[in-house]
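Asker: Input work.tsv, format and content: TSV, C-alpha atoms.
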```tsv
chain	number	residue	atom	x	y	z
A	40	MET	CA	-6.67	13.05	14.59
A	41	ARG	CA	-10.34	13.77	15.26
A	42	ARG	CA	-11.38	14.16	18.89
A	43	ASN	CA	-14.15	11.56	18.60
A	44	SER	CA	-11.61	8.83	17.77
A	45	ASN	CA	-11.32	6.11	20.38
A	46	ARG	CA	-7.74	5.02	20.98
A	47	ASN	CA	-8.80	1.41	21.55
A	48	ASN	CA	-10.74	1.15	18.28
A	49	PRO	CA	-9.08	-0.73	15.42
A	50	ILE	CA	-7.06	0.63	12.52
A	51	GLY	CA	-8.87	0.26	9.18
A	52	VAL	CA	-6.99	-0.75	6.02
A	53	PHE	CA	-8.42	-1.21	2.55
A	54	ASP	CA	-6.97	-2.28	-0.77
A	55	SER	CA	-8.24	-3.39	-4.15
A	56	GLY	CA	-7.31	-6.95	-3.25
A	57	LEU	CA	-4.42	-8.72	-1.55
A	58	GLY	CA	-1.55	-6.26	-1.86
A	59	GLY	CA	-2.54	-4.26	1.19
A	60	LEU	CA	-1.65	-7.24	3.35
A	61	THR	CA	1.97	-6.04	3.11
A	62	VAL	CA	0.76	-2.96	5.01
A	63	VAL	CA	-1.02	-5.18	7.55
A	64	LYS	CA	2.17	-7.17	8.08
A	65	GLU	CA	4.13	-3.98	8.75
A	66	LEU	CA	1.46	-2.67	11.11
A	67	GLN	CA	1.58	-5.95	13.03
A	68	ARG	CA	5.37	-5.68	13.24
A	69	GLN	CA	5.57	-2.02	14.23
A	70	LEU	CA	2.30	-1.76	16.21
A	71	PRO	CA	1.76	-5.28	17.61
A	72	ASN	CA	-0.83	-4.11	20.15
A	73	GLU	CA	-3.19	-2.57	17.60
A	74	SER	CA	-6.30	-4.32	16.26
A	75	ILE	CA	-6.76	-4.16	12.48
A	76	VAL	CA	-9.77	-4.42	10.19
A	77	TYR	CA	-8.77	-5.17	6.59
A	78	PHE	CA	-11.07	-4.97	3.58
A	79	GLY	CA	-9.91	-6.32	0.23
A	80	ASP	CA	-12.14	-5.39	-2.70
A	81	THR	CA	-11.46	-8.69	-4.43
A	82	ALA	CA	-14.62	-8.51	-6.56
A	83	ARG	CA	-13.28	-5.46	-8.42
A	84	VAL	CA	-9.53	-5.99	-8.40
A	85	PRO	CA	-7.43	-4.56	-10.02
A	86	TYR	CA	-8.02	-0.83	-9.58
A	87	GLY	CA	-4.99	0.01	-11.71
A	88	ILE	CA	-6.93	-0.36	-14.97
A	89	LYS	CA	-10.11	1.41	-13.82
A	90	SER	CA	-11.14	5.02	-14.49
A	91	LYS	CA	-10.50	7.73	-11.91
A	92	GLU	CA	-14.25	8.09	-11.34
A	93	SER	CA	-14.64	4.37	-10.67
A	94	VAL	CA	-11.68	4.30	-8.29
A	95	ILE	CA	-13.13	7.19	-6.28
A	96	ARG	CA	-16.53	5.49	-6.05
A	97	PHE	CA	-15.01	2.15	-5.09
A	98	SER	CA	-12.82	3.81	-2.46
A	99	LYS	CA	-15.77	5.54	-0.82
A	100	GLU	CA	-17.58	2.23	-0.59
A	101	CYS	CA	-14.53	0.56	0.95
A	102	VAL	CA	-14.28	3.22	3.66
A	103	GLY	CA	-17.98	2.72	4.34
A	104	VAL	CA	-17.33	-0.95	5.05
A	105	LEU	CA	-14.54	-0.10	7.52
A	106	LEU	CA	-16.58	2.52	9.35
A	107	LYS	CA	-19.08	-0.19	10.34
A	108	TYR	CA	-16.27	-1.48	12.59
A	109	ARG	CA	-15.72	1.94	14.21
A	110	VAL	CA	-12.13	2.26	13.00
A	111	LYS	CA	-10.14	5.17	14.43
A	112	LEU	CA	-8.35	5.86	11.15
A	113	VAL	CA	-8.28	4.53	7.60
A	114	ILE	CA	-5.17	3.57	5.64
A	115	ILE	CA	-5.50	3.44	1.87
A	116	ALA	CA	-3.12	0.59	1.09
A	117	CYS	CA	-3.84	0.85	-2.64
A	118	ASN	CA	-1.51	3.22	-4.52
A	119	THR	CA	-4.08	3.78	-7.27
A	120	SER	CA	-6.74	4.75	-4.75
A	121	SER	CA	-4.26	6.94	-2.88
A	122	ALA	CA	-3.45	8.72	-6.13
A	123	HIS	CA	-7.03	9.37	-7.20
A	124	ALA	CA	-9.22	9.39	-4.10
A	125	LEU	CA	-7.23	10.51	-1.03
A	126	SER	CA	-8.22	14.18	-1.04
A	127	ILE	CA	-11.90	13.33	-1.57
A	128	LEU	CA	-11.96	10.67	1.14
A	129	LYS	CA	-10.38	13.10	3.61
A	130	LYS	CA	-13.20	15.58	2.98
A	131	THR	CA	-15.97	12.97	3.00
A	132	PHE	CA	-15.41	10.91	6.14
A	133	PRO	CA	-15.20	11.74	9.89
A	134	VAL	CA	-11.97	9.81	10.56
A	135	PRO	CA	-8.39	10.52	9.44
A	136	VAL	CA	-7.53	8.95	6.07
A	137	ILE	CA	-3.89	8.30	5.12
A	138	GLY	CA	-2.53	7.21	1.73
A	139	VAL	CA	0.66	5.33	0.89
A	140	ILE	CA	2.10	7.79	-1.62
A	141	GLN	CA	3.26	10.66	0.58
A	142	PRO	CA	5.21	8.51	3.09
A	143	GLY	CA	6.97	6.67	0.27
A	144	ALA	CA	7.84	9.88	-1.58
A	145	ARG	CA	9.15	11.48	1.61
A	146	LYS	CA	11.41	8.51	2.35
A	147	ALA	CA	12.75	8.43	-1.21
A	148	VAL	CA	13.63	12.14	-1.16
A	149	ALA	CA	15.41	11.71	2.17
A	150	THR	CA	17.30	8.66	0.89
A	151	THR	CA	18.51	9.58	-2.60
A	152	ARG	CA	22.13	10.67	-2.88
A	153	ASN	CA	22.28	11.58	-6.56
A	154	LYS	CA	18.81	13.22	-6.80
A	155	ARG	CA	17.51	10.55	-9.18
A	156	ILE	CA	14.49	8.50	-8.16
A	157	GLY	CA	12.69	5.70	-9.97
A	158	VAL	CA	9.01	4.93	-9.45
A	159	ILE	CA	7.57	1.54	-10.43
A	160	ALA	CA	3.81	1.12	-10.14
A	161	THR	CA	0.60	0.29	-11.99
A	162	GLN	CA	-0.21	2.16	-15.18
A	163	SER	CA	-2.92	4.15	-13.41
A	164	THR	CA	-0.63	5.26	-10.59
A	165	ILE	CA	2.07	6.32	-13.05
A	166	ASN	CA	-0.45	8.17	-15.21
A	167	SER	CA	-1.83	10.01	-12.19
A	168	GLY	CA	1.51	11.72	-11.59
A	169	ALA	CA	0.91	11.51	-7.83
A	170	TYR	CA	4.41	10.37	-6.91
A	171	PHE	CA	5.94	12.93	-9.28
A	172	ARG	CA	4.00	15.78	-7.66
A	173	GLN	CA	4.83	14.70	-4.12
A	174	ILE	CA	8.54	14.33	-4.88
A	175	LYS	CA	8.72	17.67	-6.70
A	176	ARG	CA	6.99	19.44	-3.80
A	177	LEU	CA	9.68	18.12	-1.50
A	178	ASN	CA	12.62	18.77	-3.83
A	179	GLY	CA	12.13	20.30	-7.27
A	180	ARG	CA	15.66	19.40	-8.39
A	181	ILE	CA	15.13	15.65	-8.26
A	182	LYS	CA	14.86	13.79	-11.57
A	183	ILE	CA	12.16	11.11	-11.65
A	184	THR	CA	11.76	8.14	-13.97
A	185	GLY	CA	8.48	6.26	-13.75
A	186	THR	CA	7.60	2.99	-15.40
A	187	PRO	CA	4.49	0.79	-15.15
A	188	CYS	CA	5.00	-2.89	-14.26
A	189	PRO	CA	1.57	-4.48	-14.84
A	190	LEU	CA	2.74	-8.10	-14.79
A	191	PHE	CA	4.30	-7.84	-11.34
A	192	VAL	CA	0.93	-8.24	-9.62
A	193	PRO	CA	0.01	-11.58	-11.26
A	194	LEU	CA	3.59	-12.80	-10.74
A	195	VAL	CA	3.19	-12.20	-7.00
A	196	GLU	CA	-0.24	-13.79	-6.81
A	197	GLU	CA	1.04	-16.85	-8.68
A	198	GLY	CA	4.02	-17.04	-6.35
A	199	TRP	CA	6.49	-16.84	-9.26
A	200	PHE	CA	9.29	-15.21	-7.29
A	201	THR	CA	12.22	-17.22	-8.64
A	202	LYS	CA	11.12	-18.34	-12.10
A	203	LYS	CA	13.25	-17.43	-15.10
A	204	VAL	CA	10.37	-15.64	-16.81
A	205	SER	CA	9.94	-13.39	-13.77
A	206	ALA	CA	13.56	-12.30	-14.00
A	207	GLU	CA	13.16	-11.58	-17.72
A	208	ILE	CA	10.05	-9.49	-17.08
A	209	ALA	CA	11.78	-7.58	-14.28
A	210	ARG	CA	14.79	-6.77	-16.44
A	211	GLU	CA	12.53	-5.49	-19.21
A	212	TYR	CA	10.39	-3.34	-16.92
A	213	LEU	CA	13.27	-1.94	-14.88
A	214	SER	CA	15.58	-1.10	-17.79
A	215	PRO	CA	14.40	2.56	-18.12
A	216	VAL	CA	14.90	3.13	-14.38
A	217	LYS	CA	18.31	1.48	-14.49
A	218	ARG	CA	19.38	3.59	-17.48
A	219	SER	CA	18.30	6.74	-15.63
A	220	GLY	CA	20.94	6.12	-12.97
A	221	ALA	CA	18.40	6.27	-10.13
A	222	ASP	CA	19.92	5.31	-6.80
A	223	THR	CA	16.51	5.03	-5.12
A	224	VAL	CA	13.42	3.18	-6.39
A	225	ILE	CA	9.94	3.47	-4.90
A	226	LEU	CA	7.93	0.26	-4.91
A	227	GLY	CA	4.69	2.02	-5.85
A	228	CYS	CA	2.36	-0.96	-5.47
A	229	THR	CA	1.77	-2.94	-2.30
A	230	HIS	CA	2.31	-6.23	-4.15
A	231	TYR	CA	5.85	-5.28	-5.11
A	232	PRO	CA	7.57	-5.79	-1.72
A	233	LEU	CA	7.21	-9.53	-2.26
A	234	LEU	CA	9.43	-9.11	-5.32
A	235	LYS	CA	12.10	-7.16	-3.44
A	236	PRO	CA	14.88	-9.77	-3.81
A	237	LEU	CA	14.28	-10.00	-7.57
A	238	ILE	CA	14.06	-6.21	-8.04
A	239	GLN	CA	17.21	-5.73	-5.94
A	240	ARG	CA	19.14	-8.24	-8.07
A	241	VAL	CA	18.14	-6.47	-11.27
A	242	MET	CA	18.81	-2.94	-9.97
A	243	GLY	CA	22.01	-3.84	-8.12
A	244	PRO	CA	23.02	-3.77	-4.45
A	245	LYS	CA	23.73	-0.03	-4.33
A	246	VAL	CA	20.16	0.97	-5.25
A	247	ASN	CA	17.87	1.61	-2.29
A	248	LEU	CA	14.32	0.22	-2.51
A	249	VAL	CA	11.63	2.22	-0.73
A	250	ASP	CA	8.81	0.05	0.61
A	251	SER	CA	5.68	2.19	1.01
A	252	ALA	CA	4.17	-0.39	3.39
A	253	GLN	CA	7.04	0.09	5.84
A	254	GLU	CA	6.84	3.86	5.54
A	255	ILE	CA	3.10	4.21	6.09
A	256	ALA	CA	3.26	1.90	9.13
A	257	ARG	CA	6.03	4.08	10.55
A	258	GLU	CA	4.00	7.22	9.91
A	259	VAL	CA	0.90	5.76	11.57
A	260	LYS	CA	2.95	4.69	14.60
A	261	GLU	CA	4.36	8.20	14.98
A	262	MET	CA	0.96	9.81	14.52
A	263	LEU	CA	-0.78	7.57	17.07
A	264	GLY	CA	1.96	8.26	19.59
A	265	ARG	CA	1.92	11.99	18.95
A	266	GLU	CA	-1.86	12.21	19.26
A	267	GLU	CA	-2.00	9.81	22.24
A	268	LYS	CA	-4.21	7.42	20.28
A	269	THR	CA	-2.16	4.25	20.71
A	270	ARG	CA	-4.22	1.29	21.94
A	271	THR	CA	-3.98	0.78	25.69
A	272	VAL	CA	-6.01	-2.41	26.19
A	273	ARG	CA	-3.67	-5.18	27.34
A	274	LYS	CA	-5.54	-8.14	25.88
A	275	LYS	CA	-4.42	-9.60	22.57
A	276	PRO	CA	-5.52	-7.50	19.56
A	277	ALA	CA	-8.29	-8.87	17.34
A	278	HIS	CA	-7.88	-8.70	13.57
A	279	VAL	CA	-10.78	-8.88	11.12
A	280	PHE	CA	-10.32	-9.73	7.44
A	281	LEU	CA	-13.09	-8.87	4.98
A	282	VAL	CA	-13.39	-9.32	1.21
A	283	SER	CA	-16.00	-8.52	-1.40
A	284	ASP	CA	-15.63	-11.91	-3.16
A	285	GLU	CA	-14.02	-15.37	-2.88
A	286	PRO	CA	-12.95	-15.61	0.81
A	287	GLU	CA	-11.42	-19.05	0.24
A	288	HIS	CA	-9.15	-17.81	-2.54
A	289	PHE	CA	-8.12	-14.84	-0.40
A	290	CYS	CA	-7.16	-17.13	2.49
A	291	LYS	CA	-5.06	-19.29	0.21
A	292	LEU	CA	-3.02	-16.38	-1.18
A	293	ALA	CA	-2.85	-14.33	2.04
A	294	ARG	CA	-0.18	-16.63	3.49
A	295	ARG	CA	2.31	-15.37	0.89
A	296	PHE	CA	1.87	-11.86	2.20
A	297	LEU	CA	1.63	-12.48	5.95
A	298	GLN	CA	3.73	-15.66	6.30
A	299	SER	CA	0.96	-16.97	8.51
A	300	ASP	CA	-2.50	-18.43	8.08
A	301	ILE	CA	-5.64	-16.39	8.58
A	302	LYS	CA	-9.03	-17.84	9.37
A	303	ASN	CA	-12.65	-16.75	9.31
A	304	VAL	CA	-12.35	-14.31	6.41
A	305	LYS	CA	-15.79	-12.81	5.90
A	306	ARG	CA	-17.53	-11.58	2.78
A	307	SER	CA	-18.81	-8.04	3.25
A	308	ARG	CA	-21.26	-5.96	1.26
A	309	TYR	CA	-20.42	-2.44	0.20
A	310	VAL	CA	-21.78	0.51	2.13
```
Turn this file's structure into structure tokens for me.
Answerer:
Amino acid sequence: MRRNSNRNNPIGVFDSGLGGLTVVKELQRQLPNESIVYFGDTARVPYGIKSKESVIRFSKECVGVLLKYRVKLVIIACNTSSAHALSILKKTFPVPVIGVIQPGARKAVATTRNKRIGVIATQSTINSGAYFRQIKRLNGRIKITGTPCPLFVPLVEEGWFTKKVSAEIAREYLSPVKRSGADTVILGCTHYPLLKPLIQRVMGPKVNLVDSAQEIAREVKEMLGREEKTRTVRKKPAHVFLVSDEPEHFCKLARRFLQSDIKNVKRSRYV
């Protein structure tokens, strides 16, 4: 991490909307003493159907918002942004920037027993090939089956976790991965952990689901400890939630992700 980072400054997290709250929840669980600033770009969600150029521009503006709060590092909670913008953001900004793809790929490679991994994500993330490249760098012998699951995001935001139509959609989307014989499946969108029970039922109990939110929180915890950048202030951490549009709607849906209410969500302009 950069020497000018202050260990007591907050961790910055951005996402195209709500999904990154699964990362926030994991950070709160694994690093309960850390303050967090979250920015959800709710005015321009979803990123998964946008061009690469637009995603890069949006991502730069999101980091600009977080830097106003003097964050000590930035987590890209959006898989699409991680796929398209990570390398550029690392070169552009003076704080460490971490994406969700590499930690998830690393965990999947370490977990698979039969060298067959499934990746479920947005169309843009699948098309980027980012997970495929990361997995192949780690182990070129692994066979990968990727499939886009575009309806999973609205299912989560509607709270349709147990409806019959959700199960039918999941079976349809996951059929190529199931046919491939994959014993490990990467949940390549931060909305998808909320559908874990449904995905597990469809894939079967022997298939391991890799939650990128859990993995990136674990990686950040290890990095902060290694670099002696863990927060030392004893008072309760302060969390800030920012959005680019509709704070009230964000508050309403955020409870599904955090299992707790959040207050005083602020609208923020891009930087």
Asker: Using all atoms listed in the file, which residue out of A:Leu263, A:Val102, A:Leu226, A:Leu248 lies closest to Leu125 in chain A?
Answerer: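 Result for the nearest residue to Leu125 in chain A: A:Val102.
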Asker: Could you check the closest approach to Glu254 in chain A for each of A:Arg145, A:Lys89, A:Arg152, A:Arg180 and tell me which residue wins, using all atoms listed in the file?
Answerer: A:Arg145
Asker: Check the smallest atom-to-atom distance from each of A:Val259, A:Val272, A:Leu237, A:Ala82 to Leu57 in chain A using all atoms listed in the file, then report the winner.
Answerer: A:Ala82
Asker: Considering all atoms listed in the file, state which residue in the set A:Pro189, A:Ile50, A:Cys228, A:Glu65 is at the smallest distance from Ala122 in chain A.
Answerer: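 Closest candidate: A:Cys228.
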Asker: At a cut-off of 10 Å around the point (-25.8, -0.6, 0.0) (file coordinates), what residues fall inside when counting all atoms listed in the file? I'd like the answer as an mmCIF file with C-alpha atoms, in the frame of the given file.
Answerer:
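This went into result_5.cif:
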```cif
data_model
loop_
_atom_site.group_PDB
_atom_site.id
_atom_site.type_symbol
_atom_site.label_atom_id
_atom_site.label_comp_id
_atom_site.auth_asym_id
_atom_site.auth_seq_id
_atom_site.Cartn_x
_atom_site.Cartn_y
_atom_site.Cartn_z
ATOM 1 C CA GLU A 100 -17.580 2.230 -0.590
ATOM 2 C CA GLY A 103 -17.980 2.720 4.340
ATOM 3 C CA VAL A 104 -17.330 -0.950 5.050
ATOM 4 C CA ARG A 308 -21.260 -5.960 1.260
ATOM 5 C CA TYR A 309 -20.420 -2.440 0.200
ATOM 6 C CA VAL A 310 -21.780 0.510 2.130
#
```
Asker: To one decimal in Å, tell me the separation between CA of Gly227 in chain A and CA of Pro49 in chain A.
Answerer: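 One can read the CA of Gly227 in chain A to CA of Pro49 in chain A distance as 25.5 Å.
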Asker: Between A:Arg68, A:Val62, A:Gly264, A:Val279, which has the minimum distance to Gly138 in chain A (counting all atoms listed in the file)?
Answerer: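 Nearest to Gly138 in chain A: A:Val62.
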Asker: Please return, as a PyMOL selection string, all polymer residues that have at least one atom within 10 Å of the point (16.1, 3.3, -10.2); use all atoms listed in the file and the file's own coordinate frame.
Answerer: chain A and resi 155-159+183-186+213-225+238+242-243+246-248
Asker: Grab the residues selected above and save them as a PDB file, in the frame of the given file with C-alpha atoms.
Answerer:
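Full text of result00.pdb as output:
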```pdb
ATOM      1  CA  ARG A 155      17.510  10.550  -9.180  1.00  0.00           C
ATOM      2  CA  ILE A 156      14.490   8.500  -8.160  1.00  0.00           C
ATOM      3  CA  GLY A 157      12.690   5.700  -9.970  1.00  0.00           C
ATOM      4  CA  VAL A 158       9.010   4.930  -9.450  1.00  0.00           C
ATOM      5  CA  ILE A 159       7.570   1.540 -10.430  1.00  0.00           C
ATOM      6  CA  ILE A 183      12.160  11.110 -11.650  1.00  0.00           C
ATOM      7  CA  THR A 184      11.760   8.140 -13.970  1.00  0.00           C
ATOM      8  CA  GLY A 185       8.480   6.260 -13.750  1.00  0.00           C
ATOM      9  CA  THR A 186       7.600   2.990 -15.400  1.00  0.00           C
ATOM     10  CA  LEU A 213      13.270  -1.940 -14.880  1.00  0.00           C
ATOM     11  CA  SER A 214      15.580  -1.100 -17.790  1.00  0.00           C
ATOM     12  CA  PRO A 215      14.400   2.560 -18.120  1.00  0.00           C
ATOM     13  CA  VAL A 216      14.900   3.130 -14.380  1.00  0.00           C
ATOM     14  CA  LYS A 217      18.310   1.480 -14.490  1.00  0.00           C
ATOM     15  CA  ARG A 218      19.380   3.590 -17.480  1.00  0.00           C
ATOM     16  CA  SER A 219      18.300   6.740 -15.630  1.00  0.00           C
ATOM     17  CA  GLY A 220      20.940   6.120 -12.970  1.00  0.00           C
ATOM     18  CA  ALA A 221      18.400   6.270 -10.130  1.00  0.00           C
ATOM     19  CA  ASP A 222      19.920   5.310  -6.800  1.00  0.00           C
ATOM     20  CA  THR A 223      16.510   5.030  -5.120  1.00  0.00           C
ATOM     21  CA  VAL A 224      13.420   3.180  -6.390  1.00  0.00           C
ATOM     22  CA  ILE A 225       9.940   3.470  -4.900  1.00  0.00           C
ATOM     23  CA  ILE A 238      14.060  -6.210  -8.040  1.00  0.00           C
ATOM     24  CA  MET A 242      18.810  -2.940  -9.970  1.00  0.00           C
ATOM     25  CA  GLY A 243      22.010  -3.840  -8.120  1.00  0.00           C
ATOM     26  CA  VAL A 246      20.160   0.970  -5.250  1.00  0.00           C
ATOM     27  CA  ASN A 247      17.870   1.610  -2.290  1.00  0.00           C
ATOM     28  CA  LEU A 248      14.320   0.220  -2.510  1.00  0.00           C
TER      29      LEU A 248
END
```
Asker: In Å, with one decimal, what is the gap from CA of Pro236 in chain A to CA of Asn178 in chain A?
Answerer: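 Result for CA of Pro236 in chain A versus CA of Asn178 in chain A: 28.6 Å, one decimal.
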Asker: Can you tell me which residues surround Glu261 in chain A at a distance of at most 12 Å, considering all atoms listed in the file, apart from same-chain residues fewer than 5 positions away, and format the answer as a ChimeraX atom specification?
Answerer: /A:66,69-70,142,254-256,266-269
Asker: Could you list, as a ChimeraX atom specification, every residue within 12 Å of Ser90 in chain A, counting all atoms listed in the file and ignoring same-chain residues fewer than 3 positions away?
Answerer: /A:85-87,93-97,119-120,122-124,162-164,166-167
Asker: Which residue gives the smallest distance to Trp199 in chain A among A:Cys290, A:Leu281, A:Val249, A:Leu233, with only C-alpha atoms counted?
Answerer: A:Leu233
Asker: CA of Lys154 in chain A to CA of Gln173 in chain A: how many Å, to one decimal?
Answerer: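 Value for the CA of Lys154 in chain A-CA of Gln173 in chain A distance: 14.3 Å.
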Asker: Would you kindly return, as a ChimeraX atom specification, each protein, DNA or RNA residue with an atom no farther than 7 Å from any atom of Tyr212 in chain A, considering all atoms listed in the file and excluding same-chain residues fewer than 3 positions away?
Answerer: /A:188,208-209
Asker: If you count all atoms listed in the file, which residues fall within 9 Å of Glu197 in chain A, apart from same-chain ones fewer than 4 positions away, as a ChimeraX atom specification?
Answerer: /A:192-193,292
Asker: Skip Val113 in chain A itself and residues of its chain fewer than 5 positions away, then list as a PyMOL selection string all residues within 8 Å of it, counting all atoms listed in the file.
Answerer: chain A and resi 50-53+102+105+134-137
